[in-house]
Amino acid sequence: MNHNFQKDISGCGLVGIINRDGKRISGSFACNSLCLMNDRGNGLGAGYAAYGIYPEYKDLYAFHIMYDELGAKTDTEEYLKKNYHIEKKEPMPTASVPTIKIHPIIWRYFIKPLPEKAERELANLGDDDFVVHTVMKINSEIDGAYVFSSGKNMGAFKGVGMPIEIARFFRLEEYEGYIWTAHTRFPTNTPGWWGGAHPFTLLDWSIVHNGEISSYGINKRYLEMYGYKLTLLTDTEVVAYLFDLMVRKHGLDTATACTVLAAPFWKRIDDMPEDEKEAMTALRMVYGSALMNGPFSILFGHSKGLVGFNDRIKLRPLMAATKGKTVYMASEESAIREICPSPEKVWAPRAGEPVIVELEDSR
Amino acid sequence: MLTIDAKGIYYRDLNNKVREAVAKGEKEIFLKNINGQYYIGDGLRGDVKITIEGVPGNDLAAFMDGPTIIIKNNAQDNIANTMNSGKVIVHGDAGDVLGYGMRGGKLHIRGNVGYRVGIHMKGYKKQNPIIIAGGKAGDFFGEYMAGGVLILLGLDGDNKRPLVGDYLGTGMHGGVIFIRGDVDKKGCGAEVGITDLNEEDKKFLKEHLEDYCKDFNLKTEDIMKSGFKKLTPASLRPYGNLYAY
């Protein structure tokens with residue numbers, strides 16, 4: 001596996017739905033909305049992330065793993081058995097879709113790190129850290145095995161196909177979540193493979209992205225210093241890991257993390273009041289290598305909320321709307337109206353200014 | 001009048017229907033239940049009037065030459081790309097990159113507009129494209145503008161966001177921008193000159209606002225009450241020396 005890929009350019013479509021009251025809805029809403037933007041993708045990648053789908057296993061990490069061949073599965077399970085309590089393992093429930101002729105072997109596992117194992121003690125890691133370590137290890141060391149989902153009570157479902165094909169393949173109408181993100185891909189210079197479809201996830205973080213992270217090289221090298229291994233051959237991966245680093249490890253709040261990724265230009269910082277100027281300057285200095293350049297609109301999902309944001313000069317589309325306790329975000333207003341014909345409020349978020357939505361009882 | 005129910009119809013089929021109707025001489029078309037269909041009115045010629053109910057998709061009225069399109073709701077990105085003549089009326093908000101390289105005709109928007117509106121508009125003699133937006137605008141308004149007219153009114157809305165974004169008229173080397181309100185020189189491109197209106201400007205503005213107000217049932221006098229600023233390129237060749245050193 002060559003981990004030296006530099007970047008990916010794409011023009012994609014994305015959708016995000018969050019019910020702030022925690023009400024769970026079927027995956028068909030996200031799918032119907034996304035299908036309106038079929039022409040933004042080309043069938044070489046589509047995917048969904050959903051939160052609240054595994055309430056019966058909500059304290060266990062739900063691993064979704066794709067294998068190129070059975071040998072990879074044997075190796076992976078051997079490692080998992082040694083280090084995790086495996087509550088349940090099963091083939092991912094899928095349906096036969098005639099247009100999806102080839103797909104990896106996909107399994108899911110509901111697991112919990114064993115407290116006493118040597119490998120873990122050596123690393124002196126907490127549960128979340130050990131899961132991150134496991135994901136990095138499997139993805140980079142076991143040939144043909146990719147963990148594409150590793151959070152609690154959430155899951156990613158993705159592959160090569162159009163949005164409707166991937167939704168049918170994973171039987172998404174059978175899942176109910178309070179947050180859904182969805183993506184249709186138009187890859188242009190990295191492979192349209194199953195692991196390269198969006199969302200990209202780590203623990204509870206999930207990212208769908210339209211655009212190009214031109215700063216991928218800098219971001220990648222920065223993340224590697226903290227032990228992240230970038231194995232999925234596309235730029236979006238860095239966003240998921242940057243959020244993990246800044247929010248989970250460094251304790252920044254979501255708004256501050258977004259400010260780091262889409263930092264105000266220096267000329268704007270110059271005009272800020274003194275204390276704000278000092279804070280912004282410090283953020284840009286400390287997290288210079290986390291700044292994301294290039295055109296992007298991104299939806300960032302986590303177990304307690306959904307964030308949508310653009311690059312600093314708005315080179316990719318993003319619309320938002322509200323109706324009751326539901327907030328919608330999408331690349332096009334019509335995609336929102338496809339599932340919510342009369343929203344109360346519709347707006348285009350400004351460049352670099354995140355739309356941060358949290359569950360009502362998240363505090 | 002021909003009515004087409006566009007619910008669930010793919011853009012290609014819809015636009016073929018519109019094109020066929022126009023070829024047969026239809027003068028008035030009503031498109032109902034539109035949602036997200038791309039390319040409506042693209043390259044269309046003649047004096048047909050198309051009324052749209054719903055939110056049409058991106059790239060509406062690109063290369064359009066003559067028709068009038070009335071959108072009763074919001075519209076999306078990239079309206080009137082390289083449009084040659086005709087008129088587009090949007091009763092709601094519209095998105096980014098409106099009137100890219102527009103070379104004639106009119107684009108009237110009642111609400112807010114997004115980023116890069118009027119980018120690289122051009123004009124020559126009788127070809128004088130005009131975009132009037134009733135709300136506020138994002139960054140890069142009139143970027144690389146080479147000709148034509150951009151008018152921004154800021155009619156309603158709160159004071160939470162500025163009337164117009166940063167990089168106003170950056171790279172502007174032709175045409176004129178009228179802004180109803182104050183303009184901060186710091187937010188403008190280096191080549192932009194800001195002046196008050198002379199009598200000739202006021203006459204010109206009034207004439208175009210009357211047409212705009214007719215479309216949205218507004219009063220020209222109310223709009224003309226506030227002061228406008230006029231933005232023009234300060235130099236005809238601001239980058240003439242760019243590679244001279």
# chains A, B, ... in the order shown; residues from 1 in each chain; ligands from 1
$ select_by_dssp --residues "region 126-334 of chain A" --states "alpha helix (DSSP H)" --output "number ranges by chain"
A: 127-141, 163-169, 216-224, 237-243, 254-261, 266-270, 274-286, 333-334
$ write_last_selection --atoms "C-alpha atoms" --output "mmCIF file, in the first residue's frame"
data_model
loop_
_atom_site.group_PDB
_atom_site.id
_atom_site.type_symbol
_atom_site.label_atom_id
_atom_site.label_comp_id
_atom_site.auth_asym_id
_atom_site.auth_seq_id
_atom_site.Cartn_x
_atom_site.Cartn_y
_atom_site.Cartn_z
ATOM 1 C CA ASP A 127 -10.430 3.307 25.515
ATOM 2 C CA ASP A 128 -10.856 5.935 22.782
ATOM 3 C CA ASP A 129 -7.123 6.236 22.263
ATOM 4 C CA PHE A 130 -6.764 2.494 22.013
ATOM 5 C CA VAL A 131 -9.552 2.337 19.429
ATOM 6 C CA VAL A 132 -7.799 5.019 17.374
ATOM 7 C CA HIS A 133 -4.573 3.031 17.697
ATOM 8 C CA THR A 134 -6.413 -0.105 16.540
ATOM 9 C CA VAL A 135 -7.963 1.618 13.520
ATOM 10 C CA MET A 136 -4.583 3.015 12.456
ATOM 11 C CA LYS A 137 -2.905 -0.351 12.985
ATOM 12 C CA ILE A 138 -5.447 -2.382 11.015
ATOM 13 C CA ASN A 139 -5.676 0.141 8.185
ATOM 14 C CA SER A 140 -1.937 0.512 7.765
ATOM 15 C CA GLU A 141 -0.599 -2.926 8.694
ATOM 16 C CA PRO A 163 -26.464 7.049 -3.756
ATOM 17 C CA ILE A 164 -29.550 4.868 -4.276
ATOM 18 C CA GLU A 165 -27.452 1.774 -4.988
ATOM 19 C CA ILE A 166 -25.379 2.164 -1.844
ATOM 20 C CA ALA A 167 -28.502 2.861 0.244
ATOM 21 C CA ARG A 168 -30.153 -0.300 -1.091
ATOM 22 C CA PHE A 169 -26.997 -2.341 -0.712
ATOM 23 C CA TYR A 216 -3.322 17.926 2.311
ATOM 24 C CA GLY A 217 0.467 17.442 2.340
ATOM 25 C CA ILE A 218 1.034 19.822 5.266
ATOM 26 C CA ASN A 219 -2.015 18.536 7.174
ATOM 27 C CA LYS A 220 -0.939 14.924 6.643
ATOM 28 C CA ARG A 221 2.609 15.475 7.897
ATOM 29 C CA TYR A 222 1.246 17.369 10.900
ATOM 30 C CA LEU A 223 -1.148 14.535 11.792
ATOM 31 C CA GLU A 224 1.551 11.915 11.356
ATOM 32 C CA GLU A 237 -9.371 11.798 5.670
ATOM 33 C CA VAL A 238 -7.303 14.615 7.219
ATOM 34 C CA VAL A 239 -10.418 16.516 8.295
ATOM 35 C CA ALA A 240 -11.713 13.648 10.443
ATOM 36 C CA TYR A 241 -8.352 13.238 12.153
ATOM 37 C CA LEU A 242 -7.834 17.001 12.613
ATOM 38 C CA PHE A 243 -11.145 17.203 14.471
ATOM 39 C CA THR A 254 -16.134 22.892 17.822
ATOM 40 C CA ALA A 255 -16.323 26.574 16.894
ATOM 41 C CA THR A 256 -12.650 27.118 17.726
ATOM 42 C CA ALA A 257 -11.668 24.006 15.777
ATOM 43 C CA CYS A 258 -13.543 25.346 12.740
ATOM 44 C CA THR A 259 -11.732 28.672 13.175
ATOM 45 C CA VAL A 260 -8.437 26.805 12.981
ATOM 46 C CA LEU A 261 -9.418 24.907 9.833
ATOM 47 C CA TRP A 266 -4.551 38.171 8.506
ATOM 48 C CA LYS A 267 -6.060 41.358 7.114
ATOM 49 C CA ARG A 268 -9.263 40.610 9.039
ATOM 50 C CA ILE A 269 -7.339 39.703 12.166
ATOM 51 C CA ASP A 270 -5.568 43.089 11.981
ATOM 52 C CA GLU A 274 -7.004 43.524 20.821
ATOM 53 C CA ASP A 275 -8.003 40.413 22.820
ATOM 54 C CA GLU A 276 -9.608 38.716 19.840
ATOM 55 C CA LYS A 277 -6.595 39.571 17.720
ATOM 56 C CA GLU A 278 -4.325 37.979 20.303
ATOM 57 C CA ALA A 279 -6.433 34.810 20.471
ATOM 58 C CA MET A 280 -6.654 34.472 16.668
ATOM 59 C CA THR A 281 -2.945 35.097 16.253
ATOM 60 C CA ALA A 282 -2.179 32.419 18.854
ATOM 61 C CA LEU A 283 -4.507 29.926 17.139
ATOM 62 C CA ARG A 284 -2.974 30.536 13.745
ATOM 63 C CA MET A 285 0.539 30.193 15.167
ATOM 64 C CA VAL A 286 -0.097 27.024 17.178
ATOM 65 C CA GLU A 333 -31.438 24.189 -1.682
ATOM 66 C CA SER A 334 -33.541 21.921 -3.886
#
$ select_by_dssp --residues "region 37-227 of chain B" --states "strand (DSSP E or B)" --output "NGL selection string"
:B and (45 or 49-55 or 65-71 or 85-90 or 106-109 or 124 or 127 or 130-133 or 146-152 or 168 or 174-180 or 188 or 192-195)
$ residues_around --residues "region 173-187 of chain B" --least-positions-apart "2" --cutoff "9 Å" --atoms "only C-alpha atoms" --output "MDAnalysis selection string"
chainID B and resid 121:123 128 142 144:155 163:171 189:194 197 205 223:224 226:238
$ write_last_selection --atoms "C-alpha atoms" --output "tab-separated table (two decimals), in the first residue's frame"
chain	number	residue	atom	x	y	z
B	121	MET	CA	-19.48	40.95	-16.75
B	122	LYS	CA	-18.80	42.72	-19.97
B	123	GLY	CA	-20.45	45.34	-22.17
B	128	ASN	CA	-25.05	46.46	-21.56
B	142	GLY	CA	-18.19	42.64	-9.47
B	144	TYR	CA	-12.89	41.36	-12.74
B	145	MET	CA	-15.83	43.40	-14.00
B	146	ALA	CA	-15.20	44.56	-17.56
B	147	GLY	CA	-18.51	46.20	-18.42
B	148	GLY	CA	-22.21	46.38	-17.63
B	149	VAL	CA	-23.99	47.55	-14.50
B	150	LEU	CA	-24.32	46.10	-10.99
B	151	ILE	CA	-26.81	47.65	-8.57
B	152	LEU	CA	-27.09	46.57	-4.93
B	153	LEU	CA	-29.97	47.93	-2.85
B	154	GLY	CA	-29.82	46.41	0.65
B	155	LEU	CA	-33.56	47.01	1.00
B	163	LEU	CA	-24.45	45.18	2.86
B	164	VAL	CA	-21.70	43.89	0.65
B	165	GLY	CA	-18.76	41.56	1.26
B	166	ASP	CA	-15.03	41.93	0.98
B	167	TYR	CA	-13.00	42.23	-2.25
B	168	LEU	CA	-15.64	44.45	-3.84
B	169	GLY	CA	-14.77	45.14	-7.47
B	170	THR	CA	-11.37	43.47	-7.22
B	171	GLY	CA	-9.77	43.51	-10.66
B	189	GLY	CA	-10.13	46.19	-4.83
B	190	ALA	CA	-7.21	48.61	-5.27
B	191	GLU	CA	-8.43	49.70	-8.70
B	192	VAL	CA	-11.87	50.86	-7.53
B	193	GLY	CA	-12.75	54.55	-7.36
B	194	ILE	CA	-15.72	55.61	-5.17
B	197	LEU	CA	-23.71	60.27	-8.11
B	205	LEU	CA	-30.28	54.71	-12.02
B	223	ILE	CA	-35.44	53.39	-2.95
B	224	MET	CA	-34.02	56.62	-4.39
B	226	SER	CA	-31.17	56.89	0.32
B	227	GLY	CA	-27.79	57.88	-1.02
B	228	PHE	CA	-25.96	55.69	-3.51
B	229	LYS	CA	-22.24	55.37	-4.09
B	230	LYS	CA	-20.84	54.82	-7.52
B	231	LEU	CA	-17.86	52.55	-8.11
B	232	THR	CA	-15.84	52.67	-11.27
B	233	PRO	CA	-12.36	51.50	-12.21
B	234	ALA	CA	-9.90	54.24	-11.30
B	235	SER	CA	-7.58	53.28	-14.11
B	236	LEU	CA	-8.40	51.74	-17.43
B	237	ARG	CA	-5.30	49.60	-17.29
B	238	PRO	CA	-4.61	48.92	-13.60
$ interface_residues --of "chain B" --to "chain A" --cutoff "7 Å" --atoms "only C-alpha atoms" --output "PyMOL selection string"
chain B and resi 35-36+55
$ write_last_selection --atoms "N, CA and C atoms" --output "PDB file, in the first residue's frame"
ATOM      1  N   ASN B  35     -38.138  21.418  -8.948  1.00  0.00           N
ATOM      2  CA  ASN B  35     -37.223  21.340  -7.809  1.00  0.00           C
ATOM      3  C   ASN B  35     -35.850  20.849  -8.258  1.00  0.00           C
ATOM      4  N   GLY B  36     -34.958  21.786  -8.447  1.00  0.00           N
ATOM      5  CA  GLY B  36     -33.557  21.450  -8.688  1.00  0.00           C
ATOM      6  C   GLY B  36     -33.182  21.099 -10.112  1.00  0.00           C
ATOM      7  N   VAL B  55     -37.987  25.821  -6.752  1.00  0.00           N
ATOM      8  CA  VAL B  55     -36.594  26.272  -6.805  1.00  0.00           C
ATOM      9  C   VAL B  55     -35.879  25.586  -7.967  1.00  0.00           C
TER      10      VAL B  55
END
$ residues_around --residues "region 27-31 of chain A" --least-positions-apart "3" --cutoff "12 Å" --atoms "only C-alpha atoms" --output "VMD selection string"
chain A and resid 13 to 18 24 34 to 38 46 to 53 155 to 157 162 to 168 170 to 184 328 to 330 335 to 340
$ atom_distance --atom1 "CA of Ile69 (chain B)" --atom2 "CA of Met102 (chain B)"
15.7 Å
$ residues_around --residues "region 16-24 of chain B" --least-positions-apart "4" --cutoff "9 Å" --atoms "only C-alpha atoms" --output "ChimeraX atom specification"
/B:2,4,11-12,28-29,40-41,44-46,48
$ write_last_selection --atoms "N, CA and C atoms" --output "compact mmCIF listing (two decimals), in the first residue's frame"
# COMPACT_ATOMS: atom_id res chain seq x y z
N LEU B 2 -48.68 27.03 -22.14
CA LEU B 2 -48.40 25.61 -21.89
C LEU B 2 -47.97 25.43 -20.44
N ILE B 4 -46.37 22.79 -17.74
CA ILE B 4 -45.67 21.51 -17.59
C ILE B 4 -45.52 21.22 -16.09
N TYR B 11 -33.90 16.78 -15.64
CA TYR B 11 -33.73 18.08 -16.31
C TYR B 11 -33.67 17.96 -17.82
N ARG B 12 -33.07 16.90 -18.31
CA ARG B 12 -32.87 16.76 -19.76
C ARG B 12 -34.23 16.63 -20.47
N GLU B 28 -45.77 31.37 -24.01
CA GLU B 28 -45.86 31.42 -22.56
C GLU B 28 -45.86 30.01 -21.98
N ILE B 29 -44.91 29.76 -21.10
CA ILE B 29 -44.79 28.42 -20.51
C ILE B 29 -44.78 28.55 -18.99
N ILE B 40 -32.27 25.30 -17.00
CA ILE B 40 -33.52 25.76 -17.60
C ILE B 40 -33.28 27.04 -18.40
N GLY B 41 -33.76 27.06 -19.62
CA GLY B 41 -33.63 28.23 -20.49
C GLY B 41 -32.26 28.41 -21.11
N LEU B 44 -31.56 29.34 -24.96
CA LEU B 44 -32.89 29.50 -25.55
C LEU B 44 -33.01 30.87 -26.22
N ARG B 45 -33.65 30.90 -27.39
CA ARG B 45 -33.85 32.16 -28.12
C ARG B 45 -35.33 32.47 -28.26
N GLY B 46 -35.64 33.70 -28.64
CA GLY B 46 -37.02 34.07 -28.93
C GLY B 46 -37.62 34.93 -27.83
N VAL B 48 -40.21 34.10 -25.72
CA VAL B 48 -41.05 33.30 -24.85
C VAL B 48 -40.91 33.77 -23.38
$ residues_around --residues "Ile142 (chain A)" --least-positions-apart "6" --cutoff "9 Å" --atoms "only C-alpha atoms" --output "PyMOL selection string"
chain A and resi 72+75-76
$ write_last_selection --atoms "C-alpha atoms" --output "PDB file, in the first residue's frame"
ATOM      1  CA  ALA A  72      -7.324 -10.084   5.857  1.00  0.00           C
ATOM      2  CA  ASP A  75      -5.594 -11.495  10.558  1.00  0.00           C
ATOM      3  CA  THR A  76      -7.859  -8.689  11.737  1.00  0.00           C
TER       4      THR A  76
END
$ residues_around --residues "Gly105 (chain B)" --least-positions-apart "2" --cutoff "12 Å" --atoms "only C-alpha atoms" --output "ChimeraX atom specification"
/B:61-69,80-89,99,101-103,107-108,121-123,126-132,148-149
$ atom_distance --atom1 "CA of Asp215 (chain B)" --atom2 "CA of Asn73 (chain B)"
13.8 Å
$ atom_distance --atom1 "CA of Asp42 (chain B)" --atom2 "CA of Val90 (chain B)"
16.2 Å
